[in-house]
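File shown here: run.cif, holding mmCIF, C-alpha atoms.
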```
data_work
#
loop_
_atom_site.group_PDB
_atom_site.id
_atom_site.type_symbol
_atom_site.label_atom_id
_atom_site.label_comp_id
_atom_site.auth_asym_id
_atom_site.auth_seq_id
_atom_site.Cartn_x
_atom_site.Cartn_y
_atom_site.Cartn_z
ATOM 1 C CA MET A 1 -3.532 -227.365 -66.128
ATOM 2 C CA ALA A 2 -7.181 -226.420 -66.634
ATOM 3 C CA ALA A 3 -8.683 -223.406 -64.926
ATOM 4 C CA VAL A 4 -10.104 -224.219 -61.504
ATOM 5 C CA ASN A 5 -13.059 -222.387 -60.030
ATOM 6 C CA VAL A 6 -12.485 -221.518 -56.368
ATOM 7 C CA ILE A 7 -15.218 -219.532 -54.598
ATOM 8 C CA THR A 8 -14.156 -218.126 -51.247
ATOM 9 C CA HIS A 9 -16.494 -216.989 -48.513
ATOM 10 C CA ASP A 10 -16.811 -217.103 -44.764
ATOM 11 C CA LEU A 11 -20.338 -217.011 -43.367
ATOM 12 C CA LEU A 12 -20.032 -214.523 -40.507
ATOM 13 C CA PRO A 13 -17.938 -211.894 -42.361
ATOM 14 C CA LEU A 14 -20.219 -212.314 -45.358
ATOM 15 C CA VAL A 15 -23.373 -211.668 -43.317
ATOM 16 C CA PHE A 16 -21.789 -208.557 -41.809
ATOM 17 C CA PHE A 17 -20.682 -207.410 -45.292
ATOM 18 C CA LEU A 18 -24.170 -207.825 -46.732
ATOM 19 C CA VAL A 19 -25.795 -205.840 -43.929
ATOM 20 C CA VAL A 20 -23.349 -202.980 -44.382
ATOM 21 C CA SER A 21 -23.251 -203.096 -48.191
ATOM 22 C CA SER A 22 -27.021 -202.823 -48.498
ATOM 23 C CA PHE A 23 -26.568 -199.128 -47.699
ATOM 24 C CA LEU A 24 -23.798 -198.529 -50.251
ATOM 25 C CA PRO A 25 -25.012 -197.573 -53.776
ATOM 26 C CA GLY A 26 -21.830 -198.860 -55.444
ATOM 27 C CA THR A 27 -21.910 -202.275 -53.782
ATOM 28 C CA TYR A 28 -23.954 -205.264 -54.898
ATOM 29 C CA SER A 29 -26.636 -206.434 -52.473
ATOM 30 C CA ALA A 30 -29.379 -208.728 -53.706
ATOM 31 C CA GLY A 31 -31.740 -207.409 -51.045
ATOM 32 C CA ALA A 32 -31.536 -203.781 -52.144
ATOM 33 C CA GLY A 33 -34.825 -202.236 -53.257
ATOM 34 C CA TRP A 34 -35.871 -200.115 -56.203
ATOM 35 C CA ARG A 35 -34.403 -196.623 -56.588
ATOM 36 C CA ASP A 36 -35.395 -193.609 -58.685
ATOM 37 C CA ALA A 37 -33.504 -192.493 -61.790
ATOM 38 C CA HIS A 38 -34.089 -191.405 -65.391
ATOM 39 C CA ALA A 39 -33.208 -193.051 -68.681
ATOM 40 C CA THR A 40 -32.434 -191.922 -72.219
ATOM 41 C CA PHE A 41 -30.998 -193.854 -75.162
ATOM 42 C CA TYR A 42 -28.161 -193.465 -77.623
ATOM 43 C CA GLY A 43 -28.053 -194.401 -81.294
ATOM 44 C CA ASP A 44 -24.544 -195.850 -81.751
ATOM 45 C CA GLN A 45 -24.506 -199.496 -80.652
ATOM 46 C CA ASP A 46 -20.725 -199.589 -80.111
ATOM 47 C CA MET A 47 -20.495 -199.396 -76.328
ATOM 48 C CA GLY A 48 -16.738 -199.809 -75.894
ATOM 49 C CA GLY A 49 -16.128 -196.462 -74.303
ATOM 50 C CA ALA A 50 -14.950 -195.855 -70.772
ATOM 51 C CA CYS A 51 -14.964 -199.486 -69.638
ATOM 52 C CA GLY A 52 -12.557 -200.678 -72.325
ATOM 53 C CA TYR A 53 -14.762 -203.486 -73.592
ATOM 54 C CA GLY A 54 -14.462 -202.517 -77.270
ATOM 55 C CA ALA A 55 -17.686 -203.292 -79.109
ATOM 56 C CA ALA A 56 -18.670 -205.414 -76.077
ATOM 57 C CA LYS A 57 -20.383 -208.009 -78.230
ATOM 58 C CA SER A 58 -20.335 -210.509 -75.366
ATOM 59 C CA TYR A 59 -22.749 -208.235 -73.520
ATOM 60 C CA GLY A 60 -25.342 -208.291 -76.287
ATOM 61 C CA ASP A 61 -27.728 -205.501 -77.186
ATOM 62 C CA PHE A 62 -28.905 -204.647 -73.678
ATOM 63 C CA THR A 63 -26.236 -202.324 -72.327
ATOM 64 C CA THR A 64 -26.085 -198.942 -70.653
ATOM 65 C CA ALA A 65 -23.831 -196.004 -69.942
ATOM 66 C CA LEU A 66 -23.957 -194.746 -66.358
ATOM 67 C CA SER A 67 -23.810 -191.195 -65.052
ATOM 68 C CA ASN A 68 -20.864 -190.393 -62.784
ATOM 69 C CA ALA A 69 -23.049 -190.859 -59.715
ATOM 70 C CA LEU A 70 -23.258 -194.569 -60.613
ATOM 71 C CA PHE A 71 -20.093 -195.108 -62.666
ATOM 72 C CA GLU A 72 -17.590 -194.925 -59.772
ATOM 73 C CA ASN A 73 -14.630 -194.098 -62.013
ATOM 74 C CA GLY A 74 -15.075 -197.391 -63.853
ATOM 75 C CA PHE A 75 -15.492 -199.682 -60.863
ATOM 76 C CA ALA A 76 -19.174 -200.126 -61.829
ATOM 77 C CA CYS A 77 -18.255 -201.501 -65.261
ATOM 78 C CA GLY A 78 -19.825 -204.923 -65.729
ATOM 79 C CA SER A 79 -22.544 -204.446 -63.108
ATOM 80 C CA CYS A 80 -26.112 -205.362 -64.031
ATOM 81 C CA TYR A 81 -29.347 -203.486 -63.433
ATOM 82 C CA GLU A 82 -33.036 -204.186 -63.832
ATOM 83 C CA LEU A 83 -35.086 -201.150 -64.908
ATOM 84 C CA GLN A 84 -38.748 -200.367 -65.337
ATOM 85 C CA CYS A 85 -40.377 -197.223 -66.659
ATOM 86 C CA THR A 86 -42.575 -195.494 -64.100
ATOM 87 C CA ASP A 87 -44.949 -192.543 -63.585
ATOM 88 C CA ASP A 88 -45.274 -191.727 -67.282
ATOM 89 C CA PRO A 89 -48.301 -193.588 -68.710
ATOM 90 C CA GLN A 90 -48.016 -191.735 -72.026
ATOM 91 C CA TRP A 91 -44.641 -193.281 -72.818
ATOM 92 C CA CYS A 92 -44.030 -196.228 -70.472
ATOM 93 C CA ILE A 93 -44.258 -199.843 -71.629
ATOM 94 C CA SER A 94 -45.008 -202.396 -68.924
ATOM 95 C CA GLY A 95 -42.291 -204.856 -67.964
ATOM 96 C CA THR A 96 -38.605 -204.622 -67.110
ATOM 97 C CA VAL A 97 -35.267 -204.850 -68.883
ATOM 98 C CA THR A 98 -31.909 -206.026 -67.554
ATOM 99 C CA VAL A 99 -28.793 -204.246 -68.793
ATOM 100 C CA THR A 100 -25.027 -204.405 -68.250
ATOM 101 C CA ALA A 101 -22.976 -201.267 -67.578
ATOM 102 C CA THR A 102 -20.412 -200.903 -70.358
ATOM 103 C CA ASN A 103 -19.766 -197.154 -70.594
ATOM 104 C CA ASN A 104 -19.892 -193.768 -68.869
ATOM 105 C CA CYS A 105 -22.393 -190.998 -69.584
ATOM 106 C CA PRO A 106 -20.310 -187.867 -68.898
ATOM 107 C CA PRO A 107 -21.773 -184.669 -67.463
ATOM 108 C CA ASP A 108 -22.438 -181.656 -69.666
ATOM 109 C CA PRO A 109 -21.973 -178.511 -67.563
ATOM 110 C CA SER A 110 -23.125 -176.328 -70.476
ATOM 111 C CA LYS A 111 -26.683 -177.659 -70.074
ATOM 112 C CA PRO A 112 -29.037 -177.586 -67.091
ATOM 113 C CA SER A 113 -29.649 -180.912 -65.378
ATOM 114 C CA ASN A 114 -33.337 -180.820 -66.329
ATOM 115 C CA ASN A 115 -32.774 -179.918 -69.975
ATOM 116 C CA GLY A 116 -30.059 -181.915 -71.707
ATOM 117 C CA GLY A 117 -27.607 -182.298 -68.843
ATOM 118 C CA TRP A 118 -29.185 -185.587 -67.868
ATOM 119 C CA CYS A 119 -25.917 -187.071 -66.592
ATOM 120 C CA ASN A 120 -24.829 -184.074 -64.555
ATOM 121 C CA PRO A 121 -24.015 -184.830 -60.902
ATOM 122 C CA PRO A 122 -25.611 -185.815 -58.635
ATOM 123 C CA LEU A 123 -28.169 -187.351 -61.004
ATOM 124 C CA GLN A 124 -28.434 -191.129 -61.258
ATOM 125 C CA HIS A 125 -29.011 -191.685 -64.952
ATOM 126 C CA PHE A 126 -28.965 -194.552 -67.463
ATOM 127 C CA ASP A 127 -28.173 -193.839 -71.106
ATOM 128 C CA LEU A 128 -29.470 -197.104 -72.533
ATOM 129 C CA SER A 129 -28.868 -198.838 -75.820
ATOM 130 C CA GLU A 130 -31.873 -198.294 -78.075
ATOM 131 C CA PRO A 131 -33.011 -201.954 -77.874
ATOM 132 C CA ALA A 132 -32.992 -201.723 -74.066
ATOM 133 C CA PHE A 133 -34.837 -198.397 -73.966
ATOM 134 C CA THR A 134 -37.593 -199.542 -76.317
ATOM 135 C CA LYS A 135 -38.278 -202.554 -74.081
ATOM 136 C CA ILE A 136 -39.619 -200.231 -71.381
ATOM 137 C CA ALA A 137 -40.625 -197.019 -73.195
ATOM 138 C CA GLN A 138 -41.666 -195.712 -76.582
ATOM 139 C CA ARG A 139 -38.732 -194.500 -78.621
ATOM 140 C CA LYS A 140 -40.096 -190.990 -79.184
ATOM 141 C CA ALA A 141 -40.309 -190.395 -75.426
ATOM 142 C CA GLY A 142 -36.627 -189.423 -75.377
ATOM 143 C CA ILE A 143 -36.303 -189.475 -71.594
ATOM 144 C CA VAL A 144 -38.420 -191.263 -68.990
ATOM 145 C CA PRO A 145 -38.397 -191.730 -65.213
ATOM 146 C CA VAL A 146 -37.380 -195.243 -64.168
ATOM 147 C CA LEU A 147 -36.996 -197.438 -61.137
ATOM 148 C CA TYR A 148 -33.826 -199.511 -60.988
ATOM 149 C CA LYS A 149 -32.071 -202.074 -58.810
ATOM 150 C CA ARG A 150 -28.847 -204.061 -58.935
ATOM 151 C CA VAL A 151 -29.286 -207.688 -60.008
ATOM 152 C CA PRO A 152 -26.910 -210.622 -60.566
ATOM 153 C CA CYS A 153 -25.171 -210.876 -63.925
ATOM 154 C CA HIS A 154 -25.502 -214.079 -65.955
ATOM 155 C CA PRO A 155 -23.028 -213.917 -68.878
ATOM 156 C CA LYS A 156 -22.357 -216.904 -71.097
ATOM 157 C CA GLY A 157 -19.098 -218.749 -70.452
ATOM 158 C CA GLY A 158 -16.278 -217.834 -68.103
ATOM 159 C CA ILE A 159 -14.508 -214.643 -67.146
ATOM 160 C CA LYS A 160 -12.431 -213.313 -70.050
ATOM 161 C CA PHE A 161 -8.867 -212.058 -69.678
ATOM 162 C CA THR A 162 -7.326 -210.108 -72.568
ATOM 163 C CA MET A 163 -3.544 -209.748 -72.292
ATOM 164 C CA ASN A 164 -2.234 -206.385 -73.498
ATOM 165 C CA GLY A 165 0.919 -204.351 -72.887
ATOM 166 C CA ASN A 166 4.581 -205.273 -73.297
ATOM 167 C CA PRO A 167 7.088 -207.590 -71.545
ATOM 168 C CA TYR A 168 7.494 -205.120 -68.664
ATOM 169 C CA PHE A 169 3.911 -203.868 -68.416
ATOM 170 C CA ASN A 170 0.850 -206.128 -68.371
ATOM 171 C CA LEU A 171 -2.513 -204.484 -68.991
ATOM 172 C CA VAL A 172 -5.294 -207.037 -68.613
ATOM 173 C CA LEU A 173 -8.880 -206.348 -69.656
ATOM 174 C CA ILE A 174 -11.290 -208.333 -67.482
ATOM 175 C CA ALA A 175 -14.771 -208.874 -68.893
ATOM 176 C CA ASN A 176 -17.757 -211.227 -68.898
ATOM 177 C CA VAL A 177 -17.879 -211.390 -65.115
ATOM 178 C CA GLY A 178 -20.889 -213.083 -63.517
ATOM 179 C CA GLY A 179 -22.400 -212.623 -60.069
ATOM 180 C CA ALA A 180 -22.084 -209.012 -58.924
ATOM 181 C CA GLY A 181 -20.340 -208.282 -62.245
ATOM 182 C CA ASP A 182 -18.267 -205.313 -61.108
ATOM 183 C CA VAL A 183 -14.616 -206.092 -60.385
ATOM 184 C CA LYS A 184 -13.229 -204.446 -57.243
ATOM 185 C CA ALA A 185 -9.862 -206.213 -56.932
ATOM 186 C CA VAL A 186 -7.624 -208.503 -58.996
ATOM 187 C CA SER A 187 -4.574 -210.558 -58.067
ATOM 188 C CA ILE A 188 -2.198 -212.143 -60.577
ATOM 189 C CA LYS A 189 0.338 -214.963 -60.344
ATOM 190 C CA GLY A 190 2.841 -216.308 -62.824
ATOM 191 C CA SER A 191 4.020 -219.910 -62.689
ATOM 192 C CA ARG A 192 7.356 -218.618 -61.361
ATOM 193 C CA THR A 193 6.080 -215.712 -59.237
ATOM 194 C CA GLU A 194 3.949 -215.246 -56.136
ATOM 195 C CA TRP A 195 0.461 -213.768 -55.960
ATOM 196 C CA GLU A 196 0.403 -209.957 -56.179
ATOM 197 C CA ALA A 197 -2.352 -207.354 -56.262
ATOM 198 C CA MET A 198 -2.989 -205.625 -59.581
ATOM 199 C CA THR A 199 -3.805 -201.920 -59.904
ATOM 200 C CA LYS A 200 -6.819 -200.635 -61.828
ATOM 201 C CA ASN A 201 -5.588 -198.564 -64.756
ATOM 202 C CA TRP A 202 -8.888 -197.472 -66.333
ATOM 203 C CA GLY A 203 -12.320 -198.992 -66.892
ATOM 204 C CA GLN A 204 -11.823 -202.695 -66.263
ATOM 205 C CA ASN A 205 -8.195 -202.706 -67.388
ATOM 206 C CA TRP A 206 -5.888 -203.876 -64.611
ATOM 207 C CA GLN A 207 -2.089 -203.576 -64.616
ATOM 208 C CA SER A 208 1.000 -205.342 -63.284
ATOM 209 C CA ASN A 209 4.652 -204.482 -63.889
ATOM 210 C CA THR A 210 5.908 -208.014 -63.237
ATOM 211 C CA LYS A 211 7.562 -209.755 -66.177
ATOM 212 C CA LEU A 212 5.309 -212.722 -66.994
ATOM 213 C CA VAL A 213 6.221 -213.578 -70.589
ATOM 214 C CA GLY A 214 6.878 -217.315 -70.900
ATOM 215 C CA GLN A 215 4.934 -218.167 -67.762
ATOM 216 C CA SER A 216 1.443 -219.530 -67.323
ATOM 217 C CA VAL A 217 -0.720 -216.963 -65.544
ATOM 218 C CA SER A 218 -3.449 -217.255 -62.902
ATOM 219 C CA PHE A 219 -5.967 -214.642 -61.732
ATOM 220 C CA LYS A 220 -8.101 -214.092 -58.663
ATOM 221 C CA VAL A 221 -11.045 -211.761 -59.327
ATOM 222 C CA THR A 222 -13.032 -210.166 -56.486
ATOM 223 C CA THR A 223 -16.367 -208.419 -57.011
ATOM 224 C CA SER A 224 -18.188 -205.800 -54.905
ATOM 225 C CA ASP A 225 -20.090 -208.401 -52.873
ATOM 226 C CA GLY A 226 -16.773 -209.638 -51.474
ATOM 227 C CA LYS A 227 -16.774 -212.925 -53.426
ATOM 228 C CA SER A 228 -13.709 -214.158 -55.289
ATOM 229 C CA VAL A 229 -13.108 -216.679 -58.037
ATOM 230 C CA THR A 230 -9.696 -218.023 -59.009
ATOM 231 C CA SER A 231 -8.742 -219.108 -62.532
ATOM 232 C CA ASN A 232 -5.591 -221.168 -62.108
ATOM 233 C CA ASN A 233 -3.181 -221.241 -65.085
ATOM 234 C CA VAL A 234 -5.936 -219.881 -67.330
ATOM 235 C CA VAL A 235 -3.257 -218.259 -69.533
ATOM 236 C CA PRO A 236 -0.828 -220.893 -70.931
ATOM 237 C CA ALA A 237 2.925 -220.328 -70.933
ATOM 238 C CA GLY A 238 3.033 -219.641 -74.679
ATOM 239 C CA TRP A 239 0.580 -216.716 -74.575
ATOM 240 C CA LYS A 240 1.001 -213.579 -76.683
ATOM 241 C CA PHE A 241 -0.148 -210.013 -76.192
ATOM 242 C CA GLY A 242 -3.573 -209.391 -77.710
ATOM 243 C CA GLN A 243 -4.903 -212.862 -76.914
ATOM 244 C CA THR A 244 -8.024 -213.482 -74.822
ATOM 245 C CA PHE A 245 -8.446 -216.442 -72.484
ATOM 246 C CA GLU A 246 -11.574 -217.734 -70.759
ATOM 247 C CA GLY A 247 -11.371 -218.751 -67.117
ATOM 248 C CA ALA A 248 -13.632 -219.807 -64.271
ATOM 249 C CA GLN A 249 -16.940 -218.137 -63.484
ATOM 250 C CA PHE A 250 -18.982 -217.304 -60.388
ATOM 251 C CA SER A 251 -21.576 -219.942 -59.505
ATOM 252 C CA ASP A 252 -25.113 -218.823 -58.738
ATOM 253 C CA ASN A 253 -25.583 -221.677 -56.264
ATOM 254 C CA ASP A 254 -22.559 -220.614 -54.228
ATOM 255 C CA LEU A 255 -23.073 -216.882 -54.551
ATOM 256 C CA TYR A 256 -26.688 -216.359 -53.615
ATOM 257 C CA LYS A 257 -27.601 -219.058 -51.111
ATOM 258 C CA PHE A 258 -27.083 -216.537 -48.271
ATOM 259 C CA PHE A 259 -29.186 -213.758 -49.854
#
```
Could you spell out this file's structure in structure tokens?
Amino acid sequence: MAAVNVITHDLLPLVFFLVVSSFLPGTYSAGAGWRDAHATFYGDQDMGGACGYGAAKSYGDFTTALSNALFENGFACGSCYELQCTDDPQWCISGTVTVTATNNCPPDPSKPSNNGGWCNPPLQHFDLSEPAFTKIAQRKAGIVPVLYKRVPCHPKGGIKFTMNGNPYFNLVLIANVGGAGDVKAVSIKGSRTEWEAMTKNWGQNWQSNTKLVGQSVSFKVTTSDGKSVTSNNVVPAGWKFGQTFEGAQFSDNDLYKFF
């Protein structure tokens, strides 16, 4: 059976959620305004790192690592941000850039927060890919002040599920998520089992100890804005560990008509 896209929402709880979530930095709210931060860039374009995405080719060249104040122990992986350089006319380039969070920028306690320890808490900091940084600032600037805000993610294709683990331990990497982008909860169902909640292992790797080999597998993915999408039987019964399957995706028309 083909994957079926099921978006779930209820108007009154959703309105309440959006009002409350607009005050939470780790929760997507399309109405949230610009906030202050700083940005640097890194040279290595492999942004696998703390989110588990590997080389993250599906996210393109415009990616970022987040300081701990934004990273939320990996729950922010996959979220999208629009940035613009500000208050530094010597180095800023006009315009904005949109990036996807694919890694963590760890703190460096050996350095002061204003001289090398850019990702030390409680700083909100973006360590951008070089292509992203040079869209908004000159490369030789090194570090610049920025304004940022959460924005919807628009990846190509459906949500991707990579099946890892062993017959008694399923570790599923979830990537290429649209809408809010950051996965907050996942449920899994085999063709011979009931729905059950998965547990986040690390980054965007989610685990289940239910034996699912030989069964088709369905997923329900919930993002920080409270929306869910279900990919029914997205993984066929003959699946093998290491394979990636593409499921349903969040629809812009359904997701943002209340914003």
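The coordinates place CA of Cys105 in chain A at 22.6 Å from CA of Trp91 in chain A.
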Neighbour list for Pro155 in chain A as an mmCIF file with C-alpha atoms, in the coordinates of the input, cut-off 9 Å, all atoms listed in the file, skip fewer than 6 positions in-chain:
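Everything below was put into result-v6.cif:
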```
data_model
loop_
_atom_site.group_PDB
_atom_site.id
_atom_site.type_symbol
_atom_site.label_atom_id
_atom_site.label_comp_id
_atom_site.auth_asym_id
_atom_site.auth_seq_id
_atom_site.Cartn_x
_atom_site.Cartn_y
_atom_site.Cartn_z
ATOM 1 C CA SER A 58 -20.335 -210.509 -75.366
ATOM 2 C CA TYR A 59 -22.749 -208.235 -73.520
ATOM 3 C CA ASN A 176 -17.757 -211.227 -68.898
ATOM 4 C CA VAL A 177 -17.879 -211.390 -65.115
ATOM 5 C CA GLY A 178 -20.889 -213.083 -63.517
ATOM 6 C CA GLY A 179 -22.400 -212.623 -60.069
#
```
Checklist entry - Looking at A:Ser251, A:Asp127, A:Ser113, A:Ser79, which one is nearest to Tyr42 in chain A, with distances taken over all atoms listed in the file? => result A:Asp127
Item to check | Chain and number of each residue from the PyMOL selection byres ((chain A and resi 119) around 7), as a PyMOL selection string | outcome: chain A and resi 67+105-107+117-118+120-121+123+125
Item to check | Distance criterion (only C-alpha atoms): nearest to Tyr168 in chain A out of A:Lys211, A:His154, A:Arg139, A:Lys184 | outcome: A:Lys211
Item to check | Nearest-residue call for Ile136 in chain A, choices A:Ala39, A:Ala197, A:Ala50, A:Val186, using only C-alpha atoms | outcome: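 Of all the options, A:Ala39 lies closest to Ile136 in chain A.
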Checklist entry - Evaluating the PyMOL selection byres ((chain A and resi 230-245) around 6) on the displayed file yields which residues, as an MDAnalysis selection string? => result chainID A and resid 3:6 160:164 214:220 229 246:248
Checklist entry - So what do you get for CA of Gly190 in chain A versus CA of Asn209 in chain A, distance-wise? => result 12.0 Å
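CA of Gly78 in chain A is positioned 4.9 Å from CA of Asp182 in chain A.
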Next on the checklist: Applying 7 Å and only C-alpha atoms, which residues near Thr223 in chain A remain after dropping the ones on its own chain fewer than 3 positions away? List them as number ranges by chain.
Outcome noted: A: 180-185, 226-228
Dump of C-alpha atoms for the selected residues, as an mmCIF file, in the coordinates of the input:
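Contents of the output file part29.cif:
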```cif
data_model
loop_
_atom_site.group_PDB
_atom_site.id
_atom_site.type_symbol
_atom_site.label_atom_id
_atom_site.label_comp_id
_atom_site.auth_asym_id
_atom_site.auth_seq_id
_atom_site.Cartn_x
_atom_site.Cartn_y
_atom_site.Cartn_z
ATOM 1 C CA ALA A 180 -22.084 -209.012 -58.924
ATOM 2 C CA GLY A 181 -20.340 -208.282 -62.245
ATOM 3 C CA ASP A 182 -18.267 -205.313 -61.108
ATOM 4 C CA VAL A 183 -14.616 -206.092 -60.385
ATOM 5 C CA LYS A 184 -13.229 -204.446 -57.243
ATOM 6 C CA ALA A 185 -9.862 -206.213 -56.932
ATOM 7 C CA GLY A 226 -16.773 -209.638 -51.474
ATOM 8 C CA LYS A 227 -16.774 -212.925 -53.426
ATOM 9 C CA SER A 228 -13.709 -214.158 -55.289
#
```
Checklist entry - Between A:Gly95, A:Gly52, A:Gly60, A:Gly165, which is the closest to Leu83 in chain A once you count all atoms listed in the file? => result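 Nearest candidate to Leu83 in chain A out of A:Gly95, A:Gly52, A:Gly60, A:Gly165: A:Gly95.
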Item to check | Output of the PyMOL selection byres ((chain A and resi 71) around 10), listed as a ChimeraX atom specification | outcome: /A:26,50-51,65-70,72-77,79,101-106,124-125,203
Keeping C-alpha atoms, export the residues of the selection given above as a compact mmCIF listing (two decimals), in the coordinates of the input.
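Result file is result34.txt:
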```
# COMPACT_ATOMS: atom_id res chain seq x y z
CA GLY A 26 -21.83 -198.86 -55.44
CA ALA A 50 -14.95 -195.86 -70.77
CA CYS A 51 -14.96 -199.49 -69.64
CA ALA A 65 -23.83 -196.00 -69.94
CA LEU A 66 -23.96 -194.75 -66.36
CA SER A 67 -23.81 -191.20 -65.05
CA ASN A 68 -20.86 -190.39 -62.78
CA ALA A 69 -23.05 -190.86 -59.72
CA LEU A 70 -23.26 -194.57 -60.61
CA GLU A 72 -17.59 -194.92 -59.77
CA ASN A 73 -14.63 -194.10 -62.01
CA GLY A 74 -15.08 -197.39 -63.85
CA PHE A 75 -15.49 -199.68 -60.86
CA ALA A 76 -19.17 -200.13 -61.83
CA CYS A 77 -18.26 -201.50 -65.26
CA SER A 79 -22.54 -204.45 -63.11
CA ALA A 101 -22.98 -201.27 -67.58
CA THR A 102 -20.41 -200.90 -70.36
CA ASN A 103 -19.77 -197.15 -70.59
CA ASN A 104 -19.89 -193.77 -68.87
CA CYS A 105 -22.39 -191.00 -69.58
CA PRO A 106 -20.31 -187.87 -68.90
CA GLN A 124 -28.43 -191.13 -61.26
CA HIS A 125 -29.01 -191.68 -64.95
CA GLY A 203 -12.32 -198.99 -66.89
```
Item to check | Counting all atoms listed in the file, the option among A:Ile188, A:Cys80, A:Val99, A:Val144 closest to Ser208 in chain A | outcome: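 Counting all atoms listed in the file, the residue closest to Ser208 in chain A is A:Ile188.
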Checklist outcome for this item: Closest of A:Ile143, A:Leu173, A:Leu128, A:Ala137 to Asn114 in chain A, counting only C-alpha atoms, is A:Ile143
Range 69-73 of chain A: axis-aligned bounding box, 6 Å on each side, centre and edge lengths in Å, one decimal, as lines of an AutoDock Vina configuration file:
```
center_x = -18.9
center_y = -193.0
center_z = -61.2
size_x = 20.6
size_y = 16.2
size_z = 15.0
```
Extract range 127-139 of chain A from the coordinates I pasted, and write it as an mmCIF file, in the first residue's frame (atoms kept: N, CA, C and O atoms).
```cif
data_model
loop_
_atom_site.group_PDB
_atom_site.id
_atom_site.type_symbol
_atom_site.label_atom_id
_atom_site.label_comp_id
_atom_site.auth_asym_id
_atom_site.auth_seq_id
_atom_site.Cartn_x
_atom_site.Cartn_y
_atom_site.Cartn_z
ATOM 1 N N ASP A 127 26.824 28.605 13.558
ATOM 2 C CA ASP A 127 28.073 28.332 12.854
ATOM 3 C C ASP A 127 27.678 27.824 11.472
ATOM 4 O O ASP A 127 27.379 26.645 11.272
ATOM 5 N N LEU A 128 27.662 28.726 10.512
ATOM 6 C CA LEU A 128 27.096 28.476 9.193
ATOM 7 C C LEU A 128 28.070 27.752 8.272
ATOM 8 O O LEU A 128 29.296 27.834 8.431
ATOM 9 N N SER A 129 27.513 27.076 7.276
ATOM 10 C CA SER A 129 28.347 26.609 6.172
ATOM 11 C C SER A 129 28.899 27.851 5.471
ATOM 12 O O SER A 129 28.292 28.929 5.495
ATOM 13 N N GLU A 130 30.058 27.717 4.854
ATOM 14 C CA GLU A 130 30.656 28.874 4.186
ATOM 15 C C GLU A 130 29.752 29.474 3.106
ATOM 16 O O GLU A 130 29.621 30.702 3.015
ATOM 17 N N PRO A 131 29.090 28.660 2.264
ATOM 18 C CA PRO A 131 28.192 29.263 1.270
ATOM 19 C C PRO A 131 27.072 30.086 1.900
ATOM 20 O O PRO A 131 26.662 31.113 1.353
ATOM 21 N N ALA A 132 26.568 29.648 3.059
ATOM 22 C CA ALA A 132 25.504 30.399 3.729
ATOM 23 C C ALA A 132 26.045 31.703 4.306
ATOM 24 O O ALA A 132 25.422 32.763 4.174
ATOM 25 N N PHE A 133 27.204 31.627 4.951
ATOM 26 C CA PHE A 133 27.792 32.821 5.565
ATOM 27 C C PHE A 133 28.071 33.894 4.523
ATOM 28 O O PHE A 133 27.779 35.080 4.729
ATOM 29 N N THR A 134 28.639 33.495 3.393
ATOM 30 C CA THR A 134 29.037 34.486 2.386
ATOM 31 C C THR A 134 27.853 35.031 1.585
ATOM 32 O O THR A 134 28.037 35.889 0.726
ATOM 33 N N LYS A 135 26.637 34.555 1.878
ATOM 34 C CA LYS A 135 25.441 35.173 1.314
ATOM 35 C C LYS A 135 25.066 36.447 2.066
ATOM 36 O O LYS A 135 24.399 37.325 1.521
ATOM 37 N N ILE A 136 25.495 36.541 3.337
ATOM 38 C CA ILE A 136 25.084 37.678 4.156
ATOM 39 C C ILE A 136 26.253 38.498 4.691
ATOM 40 O O ILE A 136 26.047 39.579 5.249
ATOM 41 N N ALA A 137 27.497 38.004 4.530
ATOM 42 C CA ALA A 137 28.649 38.737 5.049
ATOM 43 C C ALA A 137 29.893 38.385 4.232
ATOM 44 O O ALA A 137 29.953 37.321 3.603
ATOM 45 N N GLN A 138 30.870 39.272 4.276
ATOM 46 C CA GLN A 138 32.130 38.989 3.606
ATOM 47 C C GLN A 138 32.891 37.916 4.381
ATOM 48 O O GLN A 138 32.886 37.902 5.616
ATOM 49 N N ARG A 139 33.533 37.048 3.652
ATOM 50 C CA ARG A 139 34.187 35.894 4.262
ATOM 51 C C ARG A 139 35.201 36.289 5.326
ATOM 52 O O ARG A 139 35.280 35.667 6.398
#
```
